[in-house]
>>> print(open('final.cif').read())   # mmCIF, C-alpha atoms
data_target
#
loop_
_atom_site.label_atom_id
_atom_site.label_comp_id
_atom_site.auth_asym_id
_atom_site.auth_seq_id
_atom_site.Cartn_x
_atom_site.Cartn_y
_atom_site.Cartn_z
CA MET A 1 -128.82 147.48 -49.96
CA ALA A 2 -125.11 146.67 -49.72
CA GLU A 3 -123.24 145.58 -52.81
CA SER A 4 -122.20 141.98 -53.02
CA GLU A 5 -118.54 141.42 -52.20
CA THR A 6 -118.31 138.29 -54.30
CA THR A 7 -116.57 138.45 -57.63
CA THR A 8 -117.53 136.70 -60.80
CA PRO A 9 -115.28 134.13 -62.40
CA ARG A 10 -114.65 136.59 -65.24
CA GLU A 11 -113.37 139.25 -62.80
CA ASP A 12 -111.18 136.65 -61.13
CA GLY A 13 -109.72 135.73 -64.51
CA VAL A 14 -109.04 139.38 -65.35
CA ALA A 15 -107.39 139.92 -61.98
CA GLU A 16 -105.22 136.85 -62.51
CA VAL A 17 -104.16 138.03 -65.99
CA LEU A 18 -103.33 141.50 -64.65
CA GLU A 19 -101.24 140.01 -61.86
CA ARG A 20 -99.35 137.84 -64.36
CA LEU A 21 -98.72 140.90 -66.54
CA ARG A 22 -97.39 142.84 -63.56
CA ALA A 23 -95.10 139.94 -62.67
CA GLY A 24 -93.84 139.86 -66.27
CA VAL A 25 -93.15 143.60 -66.21
CA ARG A 26 -91.25 143.30 -62.93
CA GLN A 27 -89.20 140.42 -64.37
CA ARG A 28 -88.38 142.40 -67.53
CA GLN A 29 -87.34 145.43 -65.46
CA ALA A 30 -85.03 143.20 -63.43
CA GLU A 31 -83.55 141.73 -66.64
CA LEU A 32 -82.93 145.21 -68.04
CA ALA A 33 -81.27 146.27 -64.80
CA CYS A 34 -78.95 143.26 -65.04
CA LEU A 35 -78.19 144.05 -68.69
CA ASP A 36 -77.31 147.63 -67.73
CA GLU A 37 -74.88 146.30 -65.11
CA GLN A 38 -73.32 143.88 -67.60
CA ARG A 39 -73.13 146.52 -70.31
CA GLY A 40 -71.23 148.90 -68.07
CA ASP A 41 -70.18 152.08 -69.83
CA LEU A 42 -71.09 150.92 -73.34
CA PRO A 43 -73.90 152.60 -75.24
CA ALA A 44 -77.04 150.52 -75.77
CA ALA A 45 -76.47 150.17 -79.51
CA LEU A 46 -72.96 148.77 -79.00
CA ALA A 47 -74.22 146.38 -76.34
CA ALA A 48 -76.90 145.17 -78.78
CA VAL A 49 -74.29 144.61 -81.49
CA ARG A 50 -72.15 142.66 -79.05
CA ARG A 51 -75.12 140.54 -77.96
CA ASP A 52 -76.24 139.72 -81.52
CA ALA A 53 -72.82 139.44 -83.18
CA VAL A 54 -72.80 135.66 -83.61
CA LEU A 55 -75.48 133.95 -85.67
CA GLU A 56 -76.63 130.52 -84.64
CA GLU A 57 -78.11 127.66 -86.55
CA PRO A 58 -81.82 127.10 -86.01
CA SER A 59 -83.05 125.53 -82.82
CA TRP A 60 -85.32 122.55 -83.17
CA ARG A 61 -87.31 122.95 -80.00
CA ILE A 62 -90.68 123.87 -81.39
CA GLU A 63 -93.41 124.13 -78.80
CA GLY A 64 -96.54 122.26 -79.72
CA ALA A 65 -94.95 120.55 -82.72
CA SER A 66 -95.18 116.83 -83.09
CA ALA A 67 -92.05 114.72 -83.01
CA LEU A 68 -92.62 113.72 -86.64
CA ARG A 69 -92.83 117.32 -87.83
CA THR A 70 -89.68 118.25 -85.90
CA PHE A 71 -87.84 115.25 -87.34
CA LEU A 72 -88.91 116.14 -90.90
CA GLU A 73 -87.84 119.76 -90.49
CA ARG A 74 -84.45 118.76 -89.07
CA ALA A 75 -83.90 116.20 -91.81
CA SER A 76 -84.81 118.62 -94.59
CA TYR A 77 -82.51 121.26 -93.14
CA ALA A 78 -79.66 118.78 -92.77
CA LEU A 79 -80.08 117.50 -96.32
CA LEU A 80 -80.88 120.72 -98.15
CA GLY A 81 -79.98 123.80 -96.21
CA ARG A 82 -77.03 123.25 -93.93
CA ARG A 83 -74.30 123.33 -96.57
CA GLN A 84 -75.62 126.49 -98.17
CA HIS A 85 -76.36 128.23 -94.91
CA ARG A 86 -73.23 127.32 -93.00
CA SER A 87 -70.93 129.42 -95.18
CA LEU A 88 -73.35 132.35 -95.10
CA ILE A 89 -73.70 132.15 -91.33
CA SER A 90 -69.92 131.99 -90.95
CA GLN A 91 -69.41 134.97 -93.24
CA GLN A 92 -72.10 137.02 -91.47
CA SER A 93 -70.65 136.14 -88.06
CA ARG A 94 -67.18 137.30 -89.15
CA PHE A 95 -68.62 140.55 -90.47
CA ASN A 96 -70.61 141.11 -87.27
CA ARG A 97 -67.52 140.51 -85.15
CA SER A 98 -65.45 142.97 -87.19
CA ALA A 99 -68.25 145.56 -86.97
CA GLU A 100 -68.38 145.04 -83.20
CA LEU A 101 -64.61 145.57 -82.90
CA ALA A 102 -64.79 148.71 -85.04
CA LEU A 103 -67.61 150.10 -82.92
CA GLU A 104 -65.72 149.33 -79.71
CA ASP A 105 -62.68 151.13 -81.12
CA LEU A 106 -64.78 154.15 -82.08
CA HIS A 107 -66.34 154.21 -78.62
CA ALA A 108 -62.92 154.10 -76.95
CA ARG A 109 -61.62 156.87 -79.24
CA GLN A 110 -64.69 159.00 -78.49
CA LYS A 111 -64.11 158.62 -74.75
CA ALA A 112 -60.44 159.57 -75.17
CA LEU A 113 -61.38 162.62 -77.24
CA GLU A 114 -63.91 163.69 -74.60
CA ARG A 115 -61.20 163.45 -71.92
CA ASP A 116 -58.79 165.47 -74.08
CA LEU A 117 -61.46 168.08 -74.74
CA ARG A 118 -62.19 168.50 -71.01
CA ARG A 119 -58.44 168.80 -70.32
CA LEU A 120 -57.99 171.42 -73.04
CA GLU A 121 -61.02 173.39 -71.80
CA ARG A 122 -59.53 173.51 -68.30
CA ARG A 123 -56.19 174.63 -69.74
CA LEU A 124 -57.90 177.34 -71.82
CA GLU A 125 -59.77 178.63 -68.77
CA HIS A 126 -56.50 178.73 -66.85
CA LEU A 127 -54.74 180.62 -69.66
CA GLU A 128 -57.63 183.08 -70.06
CA ALA A 129 -57.57 183.80 -66.35
CA GLY A 130 -53.92 184.83 -66.74
CA PRO A 131 -51.47 185.51 -63.93
CA ALA A 132 -52.98 186.82 -60.71
CA GLY A 133 -50.96 190.07 -60.83
CA ARG A 134 -52.15 191.20 -64.30
CA PRO A 135 -54.57 194.14 -64.52
#
>>> encode(input="final.cif", output="structure tokens")
Amino acid sequence: MAESETTTPREDGVAEVLERLRAGVRQRQAELACLDEQRGDLPAALAAVRRDAVLEEPSWRIEGASALRTFLERASYALLGRRQHRSLISQQSRFNRSAELALEDLHARQKALERDLRRLERRLEHLEAGPAGRP
């Protein structure tokens, strides 16, 4: 007796979820490829510091939250938290920016030192080889 070629609704749901997961993975791979192109020659850690250097105030787009809840949260933040947080956010953003600049400087210096090292290695090889007429 041949097996039935029909699928159950549960199998259809699993197949749909798997396809959505695959699509999500493909999208994430494309995003990472774009980030690599934008990052250029920078190491991943430096690119992450650059991306996260500036802190932002909270966003009030809360999925599934009622308008009243969102209004109350915004009002409480505006009345109680903004003044205290604004100076901290500003200070942290300044620190993050200075750390980013220091890391960029270190990266540039490391690249320059690597170039100098390669140049000196070539020069040393040339000096060790000596003149062609030496025994």
>>> resolve_selection(input="final.cif", expression="the PyMOL selection byres ((chain A and resi 101-117) around 12)", output="list of chain:residue names")
A:Asp41, A:Leu42, A:Pro43, A:Ala44, A:Ala45, A:Leu46, A:Ala47, A:Ala48, A:Val49, A:Arg50, A:Ala53, A:Arg94, A:Phe95, A:Asn96, A:Arg97, A:Ser98, A:Ala99, A:Glu100, A:Arg118, A:Arg119, A:Leu120, A:Glu121, A:Arg122, A:Arg123, A:Leu124
>>> atom_distance(input="final.cif", atom1="CA of Gln92 in chain A", atom2="CA of Asp52 in chain A")
11.1 Å
>>> atom_distance(input="final.cif", atom1="CA of Ser66 in chain A", atom2="CA of Gly81 in chain A")
21.3 Å
>>> decode(input="final.cif", residues="range 77-93 of chain A", atoms="all heavy atoms", output="short mmCIF file (atom, residue, chain, number, x, y, z; two decimals), in the first residue's frame")
data_model
loop_
_atom_site.label_atom_id
_atom_site.label_comp_id
_atom_site.auth_asym_id
_atom_site.auth_seq_id
_atom_site.Cartn_x
_atom_site.Cartn_y
_atom_site.Cartn_z
N TYR A 77 8.82 59.27 32.81
CA TYR A 77 10.21 59.50 32.43
C TYR A 77 10.49 60.99 32.29
O TYR A 77 11.50 61.49 32.76
CB TYR A 77 10.53 58.79 31.12
CG TYR A 77 11.93 59.05 30.64
CD1 TYR A 77 13.02 58.46 31.27
CD2 TYR A 77 12.18 59.91 29.58
CE1 TYR A 77 14.31 58.71 30.86
CE2 TYR A 77 13.46 60.17 29.16
CZ TYR A 77 14.53 59.57 29.80
OH TYR A 77 15.81 59.82 29.39
N ALA A 78 9.58 61.72 31.66
CA ALA A 78 9.78 63.15 31.46
C ALA A 78 9.82 63.89 32.79
O ALA A 78 10.62 64.81 32.98
CB ALA A 78 8.68 63.72 30.57
N LEU A 79 8.98 63.48 33.73
CA LEU A 79 8.92 64.17 35.01
C LEU A 79 10.02 63.76 35.98
O LEU A 79 10.55 64.58 36.71
CB LEU A 79 7.56 63.92 35.68
CG LEU A 79 6.35 64.53 34.96
CD1 LEU A 79 5.07 64.07 35.63
CD2 LEU A 79 6.45 66.04 34.95
N LEU A 80 10.39 62.48 35.96
CA LEU A 80 11.28 61.97 36.99
C LEU A 80 12.69 61.63 36.51
O LEU A 80 13.65 61.82 37.24
CB LEU A 80 10.67 60.72 37.64
CG LEU A 80 9.26 60.90 38.21
CD1 LEU A 80 8.70 59.58 38.66
CD2 LEU A 80 9.28 61.91 39.34
N GLY A 81 12.80 61.12 35.32
CA GLY A 81 14.07 60.56 34.93
C GLY A 81 14.92 61.37 33.98
O GLY A 81 16.13 61.27 33.99
N ARG A 82 14.30 62.17 33.16
CA ARG A 82 15.05 62.82 32.08
C ARG A 82 16.19 63.70 32.60
O ARG A 82 17.30 63.64 32.09
CB ARG A 82 14.12 63.65 31.22
CG ARG A 82 14.86 64.32 30.07
CD ARG A 82 13.96 65.03 29.12
NE ARG A 82 13.25 64.02 28.33
CZ ARG A 82 12.13 64.26 27.67
NH1 ARG A 82 11.58 65.43 27.72
NH2 ARG A 82 11.56 63.31 26.98
N ARG A 83 15.93 64.49 33.60
CA ARG A 83 16.98 65.40 34.10
C ARG A 83 18.17 64.63 34.66
O ARG A 83 19.31 65.02 34.44
CB ARG A 83 16.42 66.34 35.15
CG ARG A 83 15.52 67.38 34.55
CD ARG A 83 15.11 68.40 35.55
NE ARG A 83 14.29 69.40 34.89
CZ ARG A 83 13.42 70.14 35.50
NH1 ARG A 83 13.25 70.03 36.79
NH2 ARG A 83 12.72 71.02 34.84
N GLN A 84 17.88 63.56 35.39
CA GLN A 84 18.98 62.78 35.96
C GLN A 84 19.71 61.99 34.88
O GLN A 84 20.94 61.88 34.90
CB GLN A 84 18.46 61.80 37.02
CG GLN A 84 18.05 62.45 38.32
CD GLN A 84 16.66 63.08 38.25
OE1 GLN A 84 15.89 62.78 37.36
NE2 GLN A 84 16.35 63.97 39.18
N HIS A 85 18.99 61.47 33.95
CA HIS A 85 19.59 60.61 32.93
C HIS A 85 20.32 61.38 31.84
O HIS A 85 21.29 60.90 31.28
CB HIS A 85 18.54 59.70 32.30
CG HIS A 85 18.03 58.67 33.23
ND1 HIS A 85 16.69 58.43 33.38
CD2 HIS A 85 18.65 57.83 34.10
CE1 HIS A 85 16.51 57.49 34.27
NE2 HIS A 85 17.68 57.11 34.73
N ARG A 86 19.85 62.56 31.53
CA ARG A 86 20.43 63.30 30.41
C ARG A 86 21.91 63.58 30.63
O ARG A 86 22.73 63.40 29.74
CB ARG A 86 19.67 64.60 30.18
CG ARG A 86 20.15 65.31 28.92
CD ARG A 86 19.25 66.42 28.53
NE ARG A 86 18.07 65.83 27.91
CZ ARG A 86 16.91 66.45 27.79
NH1 ARG A 86 16.75 67.65 28.24
NH2 ARG A 86 15.88 65.85 27.23
N SER A 87 22.28 63.99 31.83
CA SER A 87 23.70 64.27 32.08
C SER A 87 24.52 62.99 32.05
O SER A 87 25.65 62.98 31.56
CB SER A 87 23.88 65.00 33.41
OG SER A 87 23.48 64.17 34.48
N LEU A 88 23.96 61.90 32.57
CA LEU A 88 24.68 60.62 32.53
C LEU A 88 24.85 60.12 31.10
O LEU A 88 25.93 59.64 30.72
CB LEU A 88 23.96 59.57 33.36
CG LEU A 88 23.96 59.80 34.87
CD1 LEU A 88 23.09 58.77 35.57
CD2 LEU A 88 25.37 59.76 35.41
N ILE A 89 23.81 60.25 30.30
CA ILE A 89 23.88 59.81 28.91
C ILE A 89 24.90 60.66 28.16
O ILE A 89 25.70 60.15 27.37
CB ILE A 89 22.49 59.88 28.25
CG1 ILE A 89 21.61 58.76 28.80
CG2 ILE A 89 22.59 59.79 26.74
CD1 ILE A 89 20.17 58.82 28.34
N SER A 90 24.91 61.96 28.40
CA SER A 90 25.87 62.84 27.75
C SER A 90 27.30 62.48 28.15
O SER A 90 28.19 62.39 27.29
CB SER A 90 25.55 64.28 28.12
OG SER A 90 26.53 65.14 27.62
N GLN A 91 27.52 62.26 29.44
CA GLN A 91 28.85 61.90 29.91
C GLN A 91 29.30 60.57 29.32
O GLN A 91 30.44 60.43 28.85
CB GLN A 91 28.84 61.82 31.43
CG GLN A 91 30.17 61.48 32.04
CD GLN A 91 30.08 61.38 33.56
OE1 GLN A 91 29.00 61.46 34.14
NE2 GLN A 91 31.21 61.19 34.20
N GLN A 92 28.41 59.59 29.30
CA GLN A 92 28.77 58.27 28.75
C GLN A 92 29.04 58.36 27.26
O GLN A 92 29.96 57.73 26.74
CB GLN A 92 27.66 57.26 29.03
CG GLN A 92 28.00 55.85 28.60
CD GLN A 92 29.13 55.27 29.43
OE1 GLN A 92 29.12 55.34 30.64
NE2 GLN A 92 30.12 54.69 28.76
N SER A 93 28.27 59.18 26.55
CA SER A 93 28.49 59.34 25.11
C SER A 93 29.85 59.98 24.83
O SER A 93 30.55 59.57 23.91
CB SER A 93 27.38 60.18 24.48
OG SER A 93 26.16 59.47 24.51
#
